[in-house]
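Chemist: For reference, this is protein32.cif, and it has mmCIF, C-alpha atoms.
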```cif
data_coords
#
loop_
_atom_site.group_PDB
_atom_site.id
_atom_site.type_symbol
_atom_site.label_atom_id
_atom_site.label_comp_id
_atom_site.auth_asym_id
_atom_site.auth_seq_id
_atom_site.Cartn_x
_atom_site.Cartn_y
_atom_site.Cartn_z
ATOM 1 C CA MET I 250 13.537 32.617 21.147
ATOM 2 C CA PRO I 251 14.147 28.864 21.592
ATOM 3 C CA ARG I 252 11.144 26.619 21.788
ATOM 4 C CA PRO I 253 10.382 25.286 25.305
ATOM 5 C CA ARG I 254 11.337 21.669 25.962
ATOM 6 C CA ASP I 255 8.504 19.232 25.434
ATOM 7 C CA PRO I 256 7.580 17.794 28.869
ATOM 8 C CA ARG I 257 6.771 14.496 27.197
ATOM 9 C CA ARG I 258 10.457 14.149 26.377
ATOM 10 C CA ASP I 259 11.387 13.528 30.028
ATOM 11 C CA GLU I 260 8.254 11.466 30.573
ATOM 12 C CA ALA I 261 9.255 9.209 27.673
ATOM 13 C CA PHE I 262 12.638 8.532 29.269
ATOM 14 C CA HIS I 263 11.062 7.780 32.657
ATOM 15 C CA LEU I 264 8.666 5.270 31.059
ATOM 16 C CA TRP I 265 11.574 3.565 29.328
ATOM 17 C CA GLU I 266 13.707 3.680 32.504
ATOM 18 C CA GLU I 267 10.885 2.250 34.639
ATOM 19 C CA SER I 268 10.757 -0.791 32.346
ATOM 20 C CA GLY I 269 14.493 -1.317 32.621
ATOM 21 C CA GLY I 270 14.885 -0.420 28.962
ATOM 22 C CA SER I 271 12.591 -3.223 27.817
ATOM 23 C CA LYS I 272 9.561 -1.185 26.774
ATOM 24 C CA LYS I 273 9.170 -0.797 23.020
ATOM 25 C CA LEU I 274 9.607 2.721 21.681
ATOM 26 C CA LYS I 275 6.451 2.450 19.589
ATOM 27 C CA ASP I 276 4.444 1.660 22.738
ATOM 28 C CA ILE I 277 5.873 4.740 24.454
ATOM 29 C CA ALA I 278 5.029 6.785 21.354
ATOM 30 C CA GLU I 279 1.409 5.591 21.419
ATOM 31 C CA GLN I 280 1.130 6.292 25.141
ATOM 32 C CA LEU I 281 2.417 9.875 24.758
ATOM 33 C CA ASN I 282 0.665 10.495 21.426
ATOM 34 C CA VAL I 283 3.857 11.184 19.437
ATOM 35 C CA THR I 284 5.509 9.421 16.502
ATOM 36 C CA SER I 285 7.962 6.548 16.906
ATOM 37 C CA SER I 286 10.631 8.542 15.073
ATOM 38 C CA THR I 287 10.293 11.341 17.659
ATOM 39 C CA ILE I 288 10.882 8.876 20.499
ATOM 40 C CA ARG I 289 13.923 7.431 18.711
ATOM 41 C CA LYS I 290 15.294 10.948 18.219
ATOM 42 C CA TRP I 291 14.829 11.794 21.907
ATOM 43 C CA LYS I 292 16.475 8.531 22.883
ATOM 44 C CA ALA I 293 19.527 9.239 20.729
ATOM 45 C CA ASN I 294 19.884 12.949 21.591
ATOM 46 C CA ASP I 295 19.328 12.507 25.339
ATOM 47 C CA LYS I 296 21.567 9.411 25.462
ATOM 48 C CA TRP I 297 19.143 7.162 27.305
ATOM 49 C CA GLU I 298 21.457 4.159 27.053
ATOM 50 C CA GLU I 299 24.254 6.036 28.826
ATOM 51 C CA LYS I 300 21.922 7.333 31.507
ATOM 52 C CA ILE I 301 20.505 3.932 32.307
ATOM 53 C CA LYS I 302 24.034 2.517 32.556
ATOM 54 C CA GLY I 303 24.941 5.173 35.122
ATOM 55 C CA SER I 304 27.227 7.260 32.907
ATOM 56 C CA ALA I 305 25.143 10.418 33.121
ATOM 57 C CA PRO I 306 26.766 13.598 34.606
ATOM 58 C CA LYS I 307 26.911 13.562 38.408
ATOM 59 C CA SER I 308 25.862 17.162 38.995
ATOM 60 C CA LYS I 309 22.898 17.662 41.326
ATOM 61 C CA GLY I 310 20.714 19.033 38.587
ATOM 62 C CA SER I 311 21.116 16.096 36.215
ATOM 63 C CA ALA I 312 21.846 13.130 38.472
ATOM 64 C CA LEU I 313 19.476 10.202 38.075
ATOM 65 C CA LEU I 314 17.089 9.442 40.899
ATOM 66 C CA ARG I 315 18.284 6.197 42.494
ATOM 67 C CA ARG I 316 15.839 3.862 44.161
ATOM 68 C CA GLY I 317 16.258 2.492 47.681
ATOM 69 C CA ALA I 318 19.322 2.462 49.868
ATOM 70 C CA PRO I 319 22.771 2.963 48.294
ATOM 71 C CA LYS I 320 25.019 0.019 47.518
ATOM 72 C CA GLY I 321 26.596 -1.403 50.679
ATOM 73 C CA ASN I 322 24.033 0.149 53.026
ATOM 74 C CA LYS I 323 23.405 -2.064 56.109
ATOM 75 C CA ASN I 324 20.325 -0.388 57.559
ATOM 76 C CA ALA I 325 18.132 -3.337 56.609
ATOM 77 C CA ILE I 326 20.234 -6.016 58.315
ATOM 78 C CA GLY I 327 18.036 -7.884 60.796
ATOM 79 C CA ASN I 328 14.928 -5.982 59.768
ATOM 80 C CA LYS I 329 11.894 -8.144 60.658
ATOM 81 C CA GLY I 330 9.184 -6.114 58.989
ATOM 82 C CA GLY I 331 8.479 -4.594 55.586
ATOM 83 C CA ARG I 332 10.658 -5.626 52.714
ATOM 84 C CA ALA I 333 13.221 -8.423 52.820
ATOM 85 C CA PRO I 334 16.741 -7.433 53.897
ATOM 86 C CA LEU I 335 19.538 -6.832 51.419
ATOM 87 C CA GLY I 336 20.883 -10.131 50.135
ATOM 88 C CA ASN I 337 17.651 -12.022 50.794
ATOM 89 C CA LYS I 338 17.094 -14.694 48.111
ATOM 90 C CA ASN I 339 13.429 -15.514 48.697
ATOM 91 C CA ALA I 340 12.442 -13.744 45.492
ATOM 92 C CA ILE I 341 14.926 -15.503 43.210
ATOM 93 C CA GLY I 342 13.016 -16.791 40.194
ATOM 94 C CA ASN I 343 10.021 -14.574 40.879
ATOM 95 C CA LYS I 344 8.354 -13.758 37.535
ATOM 96 C CA GLY I 345 5.825 -11.218 38.693
ATOM 97 C CA GLY I 346 5.962 -7.429 38.574
ATOM 98 C CA ALA I 347 7.960 -5.114 36.355
ATOM 99 C CA ALA I 348 11.561 -5.598 35.324
ATOM 100 C CA PRO I 349 14.138 -4.019 37.674
ATOM 101 C CA LEU I 350 16.267 -1.013 36.811
ATOM 102 C CA ARG I 351 19.138 -1.862 34.451
ATOM 103 C CA ASN I 352 17.293 -4.979 33.360
ATOM 104 C CA GLN I 353 18.940 -6.671 30.344
ATOM 105 C CA ASN I 354 15.727 -7.273 28.339
ATOM 106 C CA ALA I 355 16.728 -4.545 25.891
ATOM 107 C CA VAL I 356 20.254 -5.852 25.321
ATOM 108 C CA THR I 357 19.287 -7.326 21.947
ATOM 109 C CA HIS I 358 17.793 -4.061 20.712
ATOM 110 C CA GLY I 359 20.751 -2.160 22.123
ATOM 111 C CA PHE I 360 23.166 -4.510 20.362
ATOM 112 C CA PHE I 361 21.482 -3.959 16.993
ATOM 113 C CA SER I 362 21.344 -0.189 17.531
ATOM 114 C CA LYS I 363 25.151 -0.104 17.526
ATOM 115 C CA PHE I 364 25.455 -1.574 14.048
ATOM 116 C CA LEU I 365 22.185 -1.111 12.149
ATOM 117 C CA PRO I 366 20.896 2.181 10.686
ATOM 118 C CA GLU I 367 17.777 3.831 12.118
ATOM 119 C CA GLU I 368 15.698 2.910 9.067
ATOM 120 C CA THR I 369 16.506 -0.786 9.494
ATOM 121 C CA LEU I 370 15.723 -0.637 13.219
ATOM 122 C CA SER I 371 12.417 1.054 12.420
ATOM 123 C CA ILE I 372 11.503 -1.759 10.011
ATOM 124 C CA MET I 373 12.486 -4.399 12.576
ATOM 125 C CA GLU I 374 10.343 -2.643 15.152
ATOM 126 C CA GLY I 375 7.416 -2.541 12.755
ATOM 127 C CA ILE I 376 7.480 -6.277 12.011
ATOM 128 C CA GLN I 377 7.501 -7.290 15.679
ATOM 129 C CA GLU I 378 3.711 -7.561 15.582
ATOM 130 C CA ARG I 379 3.647 -9.728 12.438
ATOM 131 C CA SER I 380 3.324 -13.463 12.907
ATOM 132 C CA PRO I 381 5.332 -16.014 10.882
ATOM 133 C CA VAL I 382 2.164 -16.822 8.915
ATOM 134 C CA ASN I 383 1.745 -13.174 7.907
ATOM 135 C CA MET I 384 5.413 -12.921 6.933
ATOM 136 C CA ILE I 385 5.111 -15.964 4.671
ATOM 137 C CA TRP I 386 1.940 -14.494 3.146
ATOM 138 C CA ASP I 387 3.850 -11.268 2.396
ATOM 139 C CA GLN I 388 6.552 -13.288 0.626
ATOM 140 C CA ILE I 389 3.939 -15.182 -1.386
ATOM 141 C CA GLN I 390 2.429 -11.938 -2.677
ATOM 142 C CA ILE I 391 5.850 -10.432 -3.488
ATOM 143 C CA GLN I 392 6.993 -13.576 -5.322
ATOM 144 C CA TYR I 393 3.723 -13.914 -7.243
ATOM 145 C CA ALA I 394 3.840 -10.238 -8.278
ATOM 146 C CA ALA I 395 7.441 -10.681 -9.499
ATOM 147 C CA ILE I 396 6.419 -13.669 -11.635
ATOM 148 C CA ILE I 397 3.572 -11.723 -13.256
ATOM 149 C CA ARG I 398 5.769 -8.651 -13.818
ATOM 150 C CA ALA I 399 8.445 -10.777 -15.493
ATOM 151 C CA GLN I 400 5.926 -11.735 -18.192
ATOM 152 C CA LYS I 401 6.064 -8.178 -19.520
ATOM 153 C CA ILE I 402 9.788 -7.569 -19.022
ATOM 154 C CA MET I 403 10.946 -10.795 -20.715
ATOM 155 C CA PHE I 404 8.267 -10.939 -23.420
ATOM 156 C CA VAL I 405 9.597 -12.121 -26.803
ATOM 157 C CA SER I 406 7.437 -11.068 -29.746
ATOM 158 C CA ASP I 407 8.772 -13.583 -32.319
ATOM 159 C CA LYS I 408 11.821 -15.656 -33.223
ATOM 160 C CA GLN I 409 13.248 -12.851 -35.377
ATOM 161 C CA GLU I 410 13.465 -10.443 -32.452
ATOM 162 C CA MET I 411 16.963 -9.288 -31.522
ATOM 163 C CA ILE I 412 18.119 -6.735 -28.952
ATOM 164 C CA LYS I 413 21.286 -4.758 -29.623
ATOM 165 C CA GLU I 414 22.841 -2.953 -26.652
ATOM 166 C CA LEU I 415 25.962 -0.810 -26.492
ATOM 167 C CA LYS I 416 28.356 -2.558 -24.096
ATOM 168 C CA LYS I 417 31.517 -0.456 -24.381
ATOM 169 C CA LYS I 418 32.582 2.711 -26.146
ATOM 170 C CA LYS I 419 36.031 4.284 -26.284
ATOM 171 C CA SER I 420 38.009 6.754 -28.366
ATOM 172 C CA VAL I 421 41.318 5.693 -29.923
ATOM 173 C CA LEU I 422 43.825 8.238 -31.217
ATOM 174 C CA SER I 423 45.713 7.373 -34.363
ATOM 175 C CA GLU I 424 48.360 9.312 -36.276
ATOM 176 C CA THR I 425 45.784 10.883 -38.561
ATOM 177 C CA ASN I 426 42.555 11.130 -36.633
ATOM 178 C CA GLU I 427 40.482 10.003 -33.640
ATOM 179 C CA VAL I 428 38.521 6.787 -34.032
ATOM 180 C CA GLU I 429 35.630 5.723 -31.857
ATOM 181 C CA GLU I 430 35.397 2.037 -31.071
ATOM 182 C CA GLU I 431 32.053 0.600 -30.020
ATOM 183 C CA GLU I 432 31.325 -2.859 -28.664
ATOM 184 C CA TYR I 433 27.771 -4.187 -28.778
ATOM 185 C CA GLU I 434 26.036 -7.070 -27.066
ATOM 186 C CA PHE I 435 23.352 -8.968 -28.959
ATOM 187 C CA GLN I 436 20.493 -10.849 -27.310
ATOM 188 C CA PHE I 437 18.694 -13.242 -29.604
ATOM 189 C CA SER I 438 15.112 -14.306 -29.097
ATOM 190 C CA TRP I 439 15.873 -17.952 -28.296
ATOM 191 C CA ASP I 440 18.473 -16.985 -25.650
ATOM 192 C CA ARG I 441 16.121 -14.562 -23.941
ATOM 193 C CA HIS I 442 13.244 -17.027 -24.080
ATOM 194 C CA ALA I 443 15.313 -19.885 -22.635
ATOM 195 C CA THR I 444 16.611 -17.649 -19.839
ATOM 196 C CA PHE I 445 13.069 -16.538 -19.081
ATOM 197 C CA LEU I 446 11.737 -20.108 -18.920
ATOM 198 C CA ASN I 447 14.494 -21.198 -16.525
ATOM 199 C CA ALA I 448 13.990 -18.164 -14.290
ATOM 200 C CA GLN I 449 10.212 -18.674 -14.239
ATOM 201 C CA SER I 450 10.615 -22.338 -13.303
ATOM 202 C CA ARG I 451 12.841 -21.458 -10.334
ATOM 203 C CA ALA I 452 10.549 -18.629 -9.233
ATOM 204 C CA MET I 453 7.455 -20.831 -9.347
ATOM 205 C CA ALA I 454 9.226 -23.616 -7.445
ATOM 206 C CA GLU I 455 10.033 -21.127 -4.683
ATOM 207 C CA LEU I 456 6.436 -19.875 -4.723
ATOM 208 C CA ARG I 457 5.095 -23.423 -4.368
ATOM 209 C CA ASN I 458 7.411 -23.944 -1.397
ATOM 210 C CA LEU I 459 6.114 -20.762 0.269
ATOM 211 C CA ILE I 460 2.515 -21.835 -0.331
ATOM 212 C CA LYS I 461 3.256 -25.212 1.243
ATOM 213 C CA GLN I 462 4.698 -23.507 4.343
ATOM 214 C CA PHE I 463 1.681 -21.206 4.599
ATOM 215 C CA ASP I 464 -0.685 -24.155 4.237
ATOM 216 C CA GLU I 465 1.042 -25.923 7.141
ATOM 217 C CA LEU I 466 0.936 -22.899 9.473
ATOM 218 C CA ALA I 467 -2.294 -21.078 8.583
ATOM 219 C CA HIS I 468 -5.608 -21.701 10.324
ATOM 220 C CA SER I 469 -7.960 -24.024 8.466
ATOM 221 C CA GLU I 470 -10.563 -21.233 8.116
ATOM 222 C CA ASP I 471 -8.113 -18.557 6.958
ATOM 223 C CA GLU I 472 -9.788 -16.753 4.035
ATOM 224 C CA ARG I 473 -6.422 -16.405 2.284
ATOM 225 C CA ARG I 474 -6.541 -20.123 1.500
ATOM 226 C CA LEU I 475 -9.060 -19.390 -1.284
ATOM 227 C CA LYS I 476 -6.619 -16.944 -2.862
ATOM 228 C CA LEU I 477 -3.892 -19.565 -2.649
ATOM 229 C CA GLU I 478 -6.062 -22.103 -4.467
ATOM 230 C CA HIS I 479 -6.472 -19.609 -7.301
ATOM 231 C CA MET I 480 -2.708 -18.967 -7.344
ATOM 232 C CA CYS I 481 -1.981 -22.702 -7.448
ATOM 233 C CA LEU I 482 -4.258 -23.159 -10.447
ATOM 234 C CA ASN I 483 -2.429 -20.384 -12.311
ATOM 235 C CA ILE I 484 0.972 -21.809 -11.326
ATOM 236 C CA ASN I 485 0.062 -25.286 -12.583
ATOM 237 C CA LYS I 486 -1.226 -23.793 -15.818
ATOM 238 C CA LYS I 487 2.009 -21.840 -16.341
ATOM 239 C CA LYS I 488 4.068 -24.918 -15.488
ATOM 240 C CA LEU I 489 2.321 -26.928 -18.208
ATOM 241 C CA GLU I 490 2.868 -24.117 -20.726
ATOM 242 C CA ILE I 491 6.579 -23.972 -19.890
ATOM 243 C CA GLU I 492 6.921 -27.756 -20.196
ATOM 244 C CA GLU I 493 5.226 -27.667 -23.605
ATOM 245 C CA LEU I 494 7.463 -24.823 -24.817
ATOM 246 C CA THR I 495 10.573 -26.572 -23.497
ATOM 247 C CA GLU I 496 9.551 -29.760 -25.280
ATOM 248 C CA GLU I 497 9.163 -27.822 -28.531
ATOM 249 C CA ASP I 498 12.642 -26.318 -28.156
ATOM 250 C CA LYS I 499 14.331 -29.739 -27.917
ATOM 251 C CA PRO I 500 16.332 -30.788 -31.040
ATOM 252 C CA PHE I 501 14.565 -33.262 -33.279
ATOM 253 C CA GLU I 502 16.139 -36.406 -34.759
ATOM 254 C CA ILE I 503 16.202 -37.382 -38.426
ATOM 255 C CA THR I 504 16.535 -41.087 -39.243
ATOM 256 C CA ILE I 505 17.644 -42.050 -42.783
ATOM 257 C CA VAL I 506 16.639 -45.493 -43.977
ATOM 258 C CA ASN I 507 18.201 -46.899 -47.173
ATOM 259 C CA LYS I 508 15.898 -48.632 -49.623
ATOM 260 C CA GLY I 509 18.275 -51.498 -49.891
ATOM 261 C CA ASP I 510 17.884 -52.237 -46.190
ATOM 262 C CA ASP I 511 14.186 -52.883 -46.628
ATOM 263 C CA SER I 512 13.705 -56.628 -46.261
ATOM 264 C CA ASP I 513 10.268 -56.572 -47.867
#
```
Now, as a test, write the supplied structure out as structure tokens.
Modeler:
Amino acid sequence: MPRPRDPRRDEAFHLWEESGGSKKLKDIAEQLNVTSSTIRKWKANDKWEEKIKGSAPKSKGSALLRRGAPKGNKNAIGNKGGRAPLGNKNAIGNKGGAAPLRNQNAVTHGFFSKFLPEETLSIMEGIQERSPVNMIWDQIQIQYAAIIRAQKIMFVSDKQEMIKELKKKKSVLSETNEVEEEEYEFQFSWDRHATFLNAQSRAMAELRNLIKQFDELAHSEDERRLKLEHMCLNINKKKLEIEELTEEDKPFEITIVNKGDDSD
């Protein structure tokens, strides 16, 4: 026996329709005590976009309830009381009240829904409440974590270390037997270390830029500023270490002086 239709399903559409398609799905979900994914599923399966554009079936049972007099109706011409007559422009520019039916506030969301997958739309919906300061803080944490993680991945134990990786392998048939050819790629310690130092320098430069942006936007009493001060100290320390290591890796010069050139 099929499960009865959830009455909240129709109520969700009416809430969205009343707002002219501008109400966020997560707000409807909270109001009806269901998940955002459920609302998105109802919206897709019940074709809310088509209904609100007037493309729903015209049968009596499923026709949308239209508000007010039909288009072209002249009953209100000359009406002196109640609402303004059709065509009246007194309310142009009025910013009060709810958005009218078929309002275009949701055009942007509708545009994205045509091209972006549901998962991406869900993420976009989730970050609507995050301020630019919080977004920059998220990037700072991600970038800082990547820098710390790279220490382990790119660690070089000593100058004798060498990594040998199989790059290509193929079988070659000859007249007598089958020969396997293998091609290897070697990574020497100095190459890996130099690559790591360059990558770390770029990553820390980007992190410093993010910290600068956060410092410009964040409130002066934001507690995250203390964490940033600690990060900056670590970054400066790492920068000095990299500069010292880079200096050590530079080629040294040997000057030969002949005894005969000594004027003393």
Chemist: To one decimal in Å, tell me the separation between CA of Ser362 in chain I and CA of Lys292 in chain I.
Modeler: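 So the two atoms, CA of Ser362 in chain I and CA of Lys292 in chain I, lie 11.3 Å apart.
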Chemist: Hey, which of I:His442, I:Arg289, I:Glu478, I:Pro256 ends up closest to Ile402 in chain I? Count all atoms listed in the file.
Modeler: I:His442
Chemist: If you measure from CA of Trp386 in chain I to CA of Asp276 in chain I, what distance in Å do you get, rounded to one decimal?
Modeler: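 The value is 25.5 Å.
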Chemist: Applying 12 Å and only C-alpha atoms, which residues near Arg473 in chain I remain after dropping the ones on its own chain fewer than 3 positions away? List them as an NGL selection string.
Modeler: :I and (382-383 or 385-387 or 389-390 or 460 or 463-464 or 467-470 or 476-480)
Chemist: I'd like to know which of I:Thr284, I:Gln377, I:Gln388, I:Ser268 is closest to Glu455 in chain I, using all atoms listed in the file.
Modeler: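 Closest residue, counting all atoms listed in the file: I:Gln388.
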